[in-house]
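Novice: So here's query.cif (mmCIF, C-alpha atoms).
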```cif
data_run
#
loop_
_atom_site.label_atom_id
_atom_site.label_comp_id
_atom_site.auth_asym_id
_atom_site.auth_seq_id
_atom_site.Cartn_x
_atom_site.Cartn_y
_atom_site.Cartn_z
CA MET A 26 -13.12 -10.56 1.71
CA ALA A 27 -13.58 -7.43 3.82
CA LYS A 28 -12.59 -4.15 2.22
CA MET A 29 -12.79 -0.42 2.83
CA MET A 30 -15.91 0.99 1.18
CA LYS A 31 -15.78 4.68 2.20
CA PRO A 32 -15.85 7.44 -0.46
CA ARG A 33 -12.15 7.77 -1.28
CA PHE A 34 -11.81 11.49 -1.94
CA LYS A 35 -13.87 12.36 1.13
CA GLU A 36 -11.60 10.10 3.20
CA CYS A 37 -8.50 11.90 1.84
CA ARG A 38 -9.96 15.29 2.78
CA ARG A 39 -10.87 14.03 6.26
CA LEU A 40 -7.37 12.65 6.84
CA GLY A 41 -5.73 15.75 5.32
CA LEU A 42 -3.52 13.61 3.10
CA ASN A 43 -3.84 12.07 -0.37
CA VAL A 44 -3.64 8.46 0.81
CA TYR A 45 -5.05 7.07 -2.45
CA GLY A 46 -2.60 8.78 -4.78
CA HIS A 47 -5.31 10.07 -7.13
CA PRO A 48 -4.36 13.44 -8.69
CA LYS A 49 -7.83 14.92 -8.02
CA ALA A 50 -8.32 13.55 -4.51
CA MET A 51 -7.56 16.83 -2.71
CA ASN A 52 -9.16 19.24 -5.22
CA ARG A 53 -12.07 20.10 -2.92
CA ALA A 54 -10.00 20.21 0.28
CA LYS A 55 -10.52 23.43 2.23
CA PRO A 56 -8.61 24.73 5.25
CA GLY A 57 -10.28 23.38 8.37
CA SER A 58 -11.94 20.40 6.63
CA SER A 59 -9.29 17.93 7.79
CA ARG A 60 -8.91 16.44 11.24
CA ALA A 61 -5.24 17.44 10.98
CA ASP A 62 -6.30 21.13 10.89
CA LYS A 63 -7.92 20.88 14.32
CA LYS A 64 -6.12 20.99 17.63
CA LEU A 65 -5.50 17.36 18.53
CA SER A 66 -4.42 15.68 21.74
CA ASN A 67 -1.49 13.26 21.63
CA TYR A 68 -3.99 10.40 21.36
CA GLY A 69 -5.76 12.23 18.50
CA LYS A 70 -2.48 12.63 16.58
CA GLN A 71 -1.63 8.96 17.07
CA LEU A 72 -5.11 7.88 15.96
CA LEU A 73 -4.93 10.08 12.85
CA GLU A 74 -1.56 8.61 11.79
CA LYS A 75 -2.89 5.09 12.34
CA GLN A 76 -5.94 5.83 10.18
CA ARG A 77 -3.73 7.35 7.48
CA LEU A 78 -1.42 4.32 7.37
CA ARG A 79 -4.36 1.91 7.24
CA ALA A 80 -5.93 3.93 4.41
CA TYR A 81 -2.66 3.99 2.43
CA TYR A 82 -2.61 0.19 2.27
CA GLY A 83 -6.36 -0.48 2.49
CA VAL A 84 -5.98 -2.85 5.44
CA MET A 85 -8.78 -3.60 7.91
CA GLU A 86 -8.25 -3.03 11.64
CA LYS A 87 -8.08 -6.70 12.70
CA GLN A 88 -5.35 -7.52 10.18
CA PHE A 89 -3.54 -4.25 10.88
CA LYS A 90 -3.31 -5.14 14.59
CA LYS A 91 -1.73 -8.49 13.67
CA TYR A 92 0.89 -6.67 11.60
CA VAL A 93 1.64 -4.36 14.54
CA GLU A 94 2.13 -7.36 16.84
CA GLU A 95 4.44 -8.98 14.30
CA ALA A 96 6.42 -5.74 13.89
CA LYS A 97 6.90 -5.51 17.68
CA LYS A 98 8.75 -8.85 17.59
CA SER A 99 11.15 -7.58 14.92
CA LYS A 100 14.74 -6.65 15.76
CA GLU A 101 14.43 -3.28 14.00
CA LEU A 102 12.35 -0.24 14.95
CA THR A 103 8.71 -1.28 15.22
CA GLY A 104 7.47 1.53 12.95
CA ASN A 105 9.95 0.66 10.20
CA ALA A 106 9.17 -3.04 10.46
CA LEU A 107 5.41 -2.36 10.26
CA VAL A 108 5.73 -0.26 7.09
CA LYS A 109 7.97 -2.92 5.49
CA ILE A 110 5.41 -5.64 6.25
CA LEU A 111 2.66 -3.57 4.61
CA GLU A 112 4.87 -2.64 1.66
CA THR A 113 5.63 -6.28 0.80
CA ARG A 114 1.98 -7.36 0.61
CA LEU A 115 1.24 -8.74 -2.86
CA ASP A 116 -1.51 -6.21 -3.65
CA ASN A 117 0.87 -3.36 -2.84
CA ILE A 118 3.74 -4.81 -4.92
CA VAL A 119 1.33 -5.21 -7.88
CA TYR A 120 0.46 -1.52 -7.45
CA ARG A 121 4.10 -0.43 -7.08
CA LEU A 122 5.04 -2.35 -10.25
CA GLY A 123 2.42 -0.33 -12.11
CA PHE A 124 0.03 -3.14 -13.11
CA ALA A 125 -2.75 -1.19 -11.38
CA SER A 126 -3.50 2.50 -10.94
CA SER A 127 -4.52 2.10 -7.28
CA ILE A 128 -4.19 -0.35 -4.39
CA SER A 129 -7.89 -1.28 -4.68
CA GLN A 130 -7.48 -2.07 -8.39
CA ALA A 131 -4.36 -4.13 -7.56
CA ARG A 132 -6.30 -6.04 -4.90
CA GLN A 133 -9.06 -6.79 -7.40
CA MET A 134 -6.51 -8.01 -9.97
CA VAL A 135 -5.01 -10.40 -7.41
CA VAL A 136 -8.40 -11.72 -6.25
CA HIS A 137 -9.52 -12.29 -9.86
CA GLY A 138 -6.44 -14.40 -10.54
CA HIS A 139 -4.53 -12.13 -12.95
CA ILE A 140 -1.23 -12.33 -11.03
CA ASN A 141 1.44 -15.03 -10.81
CA VAL A 142 4.17 -15.23 -8.19
CA ASN A 143 7.15 -17.29 -9.36
CA GLY A 144 4.98 -18.74 -12.16
CA LYS A 145 2.09 -19.83 -9.91
CA LYS A 146 -1.27 -18.10 -9.60
CA VAL A 147 -1.75 -16.37 -6.24
CA ASN A 148 -5.12 -14.80 -5.44
CA ILE A 149 -4.52 -13.67 -1.86
CA PRO A 150 -3.91 -9.88 -1.63
CA SER A 151 -2.21 -10.15 1.78
CA TYR A 152 0.30 -12.74 0.48
CA ARG A 153 3.76 -11.60 1.60
CA THR A 154 6.28 -11.35 -1.18
CA LYS A 155 9.85 -12.31 -0.41
CA VAL A 156 13.13 -11.01 -1.81
CA GLY A 157 13.69 -12.63 -5.21
CA ASP A 158 9.99 -13.30 -5.90
CA VAL A 159 8.98 -12.64 -9.50
CA ILE A 160 5.51 -11.10 -9.83
CA SER A 161 4.03 -11.31 -13.32
CA LEU A 162 0.84 -10.72 -15.22
CA ARG A 163 -0.68 -14.04 -16.34
CA GLU A 164 -0.41 -14.74 -20.06
CA LYS A 165 -4.16 -14.36 -20.70
CA SER A 166 -4.25 -11.14 -18.68
CA GLN A 167 -1.47 -9.59 -20.79
CA LYS A 168 -4.06 -9.21 -23.56
CA ILE A 169 -6.20 -6.89 -21.39
CA ASP A 170 -5.52 -3.36 -22.62
CA LEU A 171 -6.04 -1.69 -19.23
CA PHE A 172 -3.37 -3.80 -17.50
CA ARG A 173 -0.88 -3.48 -20.37
CA GLU A 174 -1.40 0.26 -20.57
CA ASN A 175 -1.04 0.69 -16.79
CA TYR A 176 2.22 -1.26 -16.80
CA VAL A 177 3.86 0.35 -19.84
CA THR A 178 2.84 3.94 -19.10
CA ASN A 179 3.51 3.87 -15.36
CA LEU A 180 6.75 5.76 -14.80
CA THR A 181 6.02 7.10 -11.32
CA ASN A 182 6.71 3.92 -9.39
CA ASN A 183 10.40 3.43 -10.22
CA LEU A 184 11.52 2.33 -6.77
CA PRO A 185 15.04 1.05 -6.01
CA TYR A 186 13.82 -2.15 -4.33
CA ILE A 187 11.69 -3.20 -7.34
CA GLU A 188 12.95 -4.26 -10.76
CA LYS A 189 10.65 -4.19 -13.80
CA ASP A 190 10.96 -6.31 -16.94
CA GLU A 191 8.63 -4.77 -19.50
CA SER A 192 9.28 -7.44 -22.13
CA SER A 193 7.77 -10.17 -19.92
CA PHE A 194 5.23 -8.03 -18.00
CA SER A 195 6.89 -8.92 -14.74
CA GLY A 196 8.82 -7.47 -11.85
CA LYS A 197 10.93 -8.62 -8.95
CA LEU A 198 11.37 -7.60 -5.33
CA VAL A 199 15.16 -7.31 -5.41
CA ARG A 200 15.58 -6.41 -1.74
CA LEU A 201 13.59 -5.23 1.25
CA PRO A 202 12.97 -1.48 1.12
CA GLU A 203 14.58 1.02 3.43
CA ARG A 204 12.00 3.12 5.30
CA GLU A 205 13.04 6.38 3.62
CA GLU A 206 12.53 4.80 0.16
CA ILE A 207 8.86 3.99 0.76
CA PRO A 208 6.80 6.82 -0.74
CA ILE A 209 4.32 7.45 2.07
CA GLU A 210 4.05 10.47 4.39
CA ILE A 211 3.49 8.88 7.78
CA GLU A 212 5.00 9.32 11.23
CA ASP A 213 5.05 5.61 11.95
CA GLN A 214 6.31 6.12 15.50
CA LEU A 215 2.93 7.70 16.37
CA VAL A 216 1.19 4.54 15.08
CA VAL A 217 3.36 2.40 17.38
CA GLU A 218 2.63 4.75 20.32
CA PHE A 219 -1.11 4.46 19.59
CA TYR A 220 -1.03 0.66 19.98
CA SER A 221 1.24 0.89 23.05
CA SER A 222 -1.29 3.13 24.82
CA ILE A 223 -4.41 0.99 24.32
#
```
Here is a file; write its structure as structure tokens.

Specialist:
Amino acid sequence: MAKMMKPRFKECRRLGLNVYGHPKAMNRAKPGSSRADKKLSNYGKQLLEKQRLRAYYGVMEKQFKKYVEEAKKSKELTGNALVKILETRLDNIVYRLGFASSISQARQMVVHGHINVNGKKVNIPSYRTKVGDVISLREKSQKIDLFRENYVTNLTNNLPYIEKDESSFSGKLVRLPEREEIPIEIEDQLVVEFYSSI
């Protein structure tokens, strides 16, 4: 499985945005160290937003392009559709539910078989969750302190499209998210323009 292996904090400083959600990620950021601080052409701005969105979700370029093509076929705005596709990936939902402290940890949990979807083990991070799907921590995995602690103490990811059930270490995608509810700072229209121009 291909994955992003760049130093995370350095990547955040380069992109000028805390795409990994770590509280210390931007501590060493200085004015002028980000690409966003430089004068960029239209293409440069579009490229930067594309790189930011990819980094948010930890998706490789080849797969990201497929998502863009799929979003273009949607009836809604391409940018909104793209973000919704990325947001409903299993690794992201595991992160949003609070089982993991980062997307990369969520991806690892999925790959290592700690997650069930509707009672069945799913170990594919890019698996697309559907409305009504119940995502739960496997019974054996509930005994792992790190996962339990993450889930119980995580209060930051209370999103209106996700429902948590702490008693059963599970959560449900109750509806598709609206774009403004998704907690990422991206101008998705620039991402769409980037792929339209190449």

Novice: In Å, rounded to a single decimal, give me how far atom CA of Phe124 of chain A is from atom CA of Arg163 of chain A.

Specialist: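 Separation between atom CA of Arg163 of chain A and atom CA of Phe124 of chain A: 11.4 Å.
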
Novice: Excluding Lys145 of chain A and residues on its chain fewer than 5 positions from it, collect all residues at most 12 Å away from it, counting all atoms listed in the file, and give them as a PyMOL selection string.

Specialist: chain A and resi 138-140+158-164

Novice: So that I can check the surroundings of segment 63-77 of chain A, please list as a list in words every protein, DNA and RNA residue that reaches within 6 Å of it, counting only C-alpha atoms and ignoring chain neighbours fewer than 5 positions away.

Specialist: Leu215, Val216 and Phe219 of chain A

Novice: Of the candidates A:Ile211, A:Val136, A:Leu122, A:Val156, which shows the shortest atom-to-atom distance to Tyr176 of chain A, using all atoms listed in the file?

Specialist: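 Ranked by minimum distance to Tyr176 of chain A, first place goes to A:Leu122.
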
Novice: Since I can't run it myself right now, could you work out what the PyMOL selection byres ((chain A and resi 134) around 12) selects here and report it as a VMD selection string?

Specialist: chain A and resid 115 to 120 123 to 133 135 to 141 146 to 150 161 to 163 166 169 171 to 172

Novice: Can you tell me, as number ranges by chain, what residues are no more than 7 Å from segment 105-110 of chain A when counting all atoms listed in the file, ignoring any on the same chain fewer than 4 positions away?

Specialist: A: 92-93, 96, 99, 101, 114, 202, 204

Novice: Go ahead and compute the interatomic distance for atom CA of Ile187 of chain A and atom CA of Arg200 of chain A, in Å to one decimal.

Specialist: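 Between atom CA of Ile187 of chain A and atom CA of Arg200 of chain A the gap works out to 7.5 Å.
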
Novice: Using only C-alpha atoms, pick whichever of A:Glu205, A:Glu95, A:Glu191, A:Glu212 has the shortest atom-to-atom distance to Asn175 of chain A.

Specialist: A:Glu191

Novice: For Ser221 of chain A, which residue among A:Lys35, A:Gly144, A:Lys97, A:Tyr82 is the nearest when counting all atoms listed in the file?

Specialist: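 Comparing A:Lys35, A:Gly144, A:Lys97, A:Tyr82 against Ser221 of chain A, the winner is A:Lys97.
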
Novice: To one decimal in Å, tell me the separation between atom CA of Ser222 of chain A and atom CA of Leu40 of chain A.

Specialist: 21.2 Å

Novice: To box segment 141-148 of chain A, take all atoms listed in the file, fit an axis-aligned box, add 4 Å on each side, and give centre and edge lengths in Å to one decimal, as AutoDock Vina command-line options.

Specialist:
```
--center_x 1.0 --center_y -17.3 --center_z -8.8 --size_x 20.3 --size_y 13.0 --size_z 14.7
```
